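Reviewing the structure listed below.
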Amino acid sequence: MVRTIISAFITLALLLGVSFYEASYVQNKFDEFYVSLHALKRKTELGTVSYTDGLSLREFWDDHKVTMHIWIPHTVLYEIDYQLDEAIGLIYVKDLEGALPKIEVLLGLSENVPKGYTLTLGNIF
């Protein structure tokens with residue numbers, strides 16, 4: 001009986017620990033992505049953005065996305081990939097006005113996706 005209670009508490013502690021780690025990890029990675037996206041948006045608004053800026057953001061995202069697949073559904077990551085590729089393509093053809101809405105969508109995703117992984121009652125029930 002005592003072993004069962006102890007194992008239940010150990011299991012609960014492990015679950016809570018992994019949950020806190022997941023929420024923290026996802027939030028930190030998306031915060032970094034948000035800052036990079038905001039810089040890209042600023043450069044796009046000023047007209048100083050270059051295709052290589054978009055490629056460096058793509059490389060940054062690809063590096064972090066590898067471990068994000070553990071925590072986040074693939075469909076969410078594919079949507080971010082899609083919007084990012086569209087924005088980079090529009091920057092490549094110098095359609096900066098067309099790229100701005102795509103960057104705004106990415107900014108929204110980078111704010112809202114981590115909220116789905118916080119420990120709140122709405123996410124638990």
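So you can find residues: chains in the structure tokens are A, B, ... in the order shown, residues in each start at 1, and ligands are numbered from 1 in order.
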
Show me a table, sorted first by chain and then by increasing residue number, of the residues of segment 99-118 of chain A having an atom at most 10 Å from segment 21-30 of chain A, each with its shortest atom pair and the distance in Å to one decimal, counting only C-alpha atoms and written as a tab-separated table.
```
residue	atom	partner	partner_atom	distance
A:Leu107	CA	A:Phe30	CA	9.6
A:Leu109	CA	A:Phe30	CA	9.0
A:Ser110	CA	A:Phe30	CA	5.5
A:Glu111	CA	A:Phe30	CA	7.3
A:Asn112	CA	A:Phe30	CA	9.4
A:Val113	CA	A:Phe30	CA	8.2
A:Pro114	CA	A:Gln27	CA	5.3
A:Lys115	CA	A:Gln27	CA	8.0
A:Gly116	CA	A:Ala23	CA	8.8
A:Tyr117	CA	A:Ala23	CA	5.3
A:Thr118	CA	A:Ala23	CA	5.3
```

Selected residues written out with N, CA, C and O atoms, as a compact mmCIF listing (two decimals), in the first residue's frame:
```
# COMPACT_ATOMS: atom_id res chain seq x y z
N LEU A 107 3.45 36.35 -36.50
CA LEU A 107 3.53 36.96 -35.17
C LEU A 107 2.37 36.49 -34.29
O LEU A 107 2.56 36.18 -33.11
N LEU A 109 0.67 33.67 -34.63
CA LEU A 109 0.90 32.26 -34.29
C LEU A 109 1.94 32.12 -33.19
O LEU A 109 1.77 31.30 -32.27
N SER A 110 2.99 32.91 -33.27
CA SER A 110 4.05 32.77 -32.27
C SER A 110 3.60 33.28 -30.90
O SER A 110 4.20 32.92 -29.88
N GLU A 111 2.55 34.08 -30.86
CA GLU A 111 1.98 34.49 -29.57
C GLU A 111 0.98 33.48 -29.05
O GLU A 111 0.94 33.20 -27.85
N ASN A 112 0.17 32.93 -29.95
CA ASN A 112 -0.95 32.09 -29.52
C ASN A 112 -0.62 30.62 -29.35
O ASN A 112 -1.24 29.96 -28.50
N VAL A 113 0.29 30.08 -30.11
CA VAL A 113 0.61 28.65 -29.99
C VAL A 113 1.11 28.30 -28.59
O VAL A 113 0.63 27.33 -28.00
N PRO A 114 2.04 29.05 -28.01
CA PRO A 114 2.50 28.68 -26.66
C PRO A 114 1.41 28.73 -25.59
O PRO A 114 1.49 28.02 -24.60
N LYS A 115 0.37 29.54 -25.82
CA LYS A 115 -0.71 29.62 -24.83
C LYS A 115 -1.44 28.29 -24.71
O LYS A 115 -2.02 27.99 -23.67
N GLY A 116 -1.40 27.48 -25.74
CA GLY A 116 -2.03 26.17 -25.69
C GLY A 116 -1.26 25.16 -24.87
O GLY A 116 -1.73 24.05 -24.65
N TYR A 117 -0.08 25.54 -24.41
CA TYR A 117 0.76 24.61 -23.66
C TYR A 117 1.04 25.09 -22.24
O TYR A 117 1.87 24.53 -21.56
N THR A 118 0.34 26.13 -21.81
CA THR A 118 0.49 26.59 -20.44
C THR A 118 -0.39 25.75 -19.52
O THR A 118 -1.37 25.15 -19.96
```

request  = Find the residues around segment 80-86 of chain A up to 8 Å (only C-alpha atoms counted), leave out those fewer than 2 positions away in its own chain, and share them as an MDAnalysis selection string.
outcome  = chainID A and resid 58 76:78 88:90 99 102:103 105:106 109

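Checking A:Gly47, A:Glu32, A:Ala87, A:His74 one by one against Phe60 of chain A, counting only C-alpha atoms, you find the shortest gap at A:Glu32.
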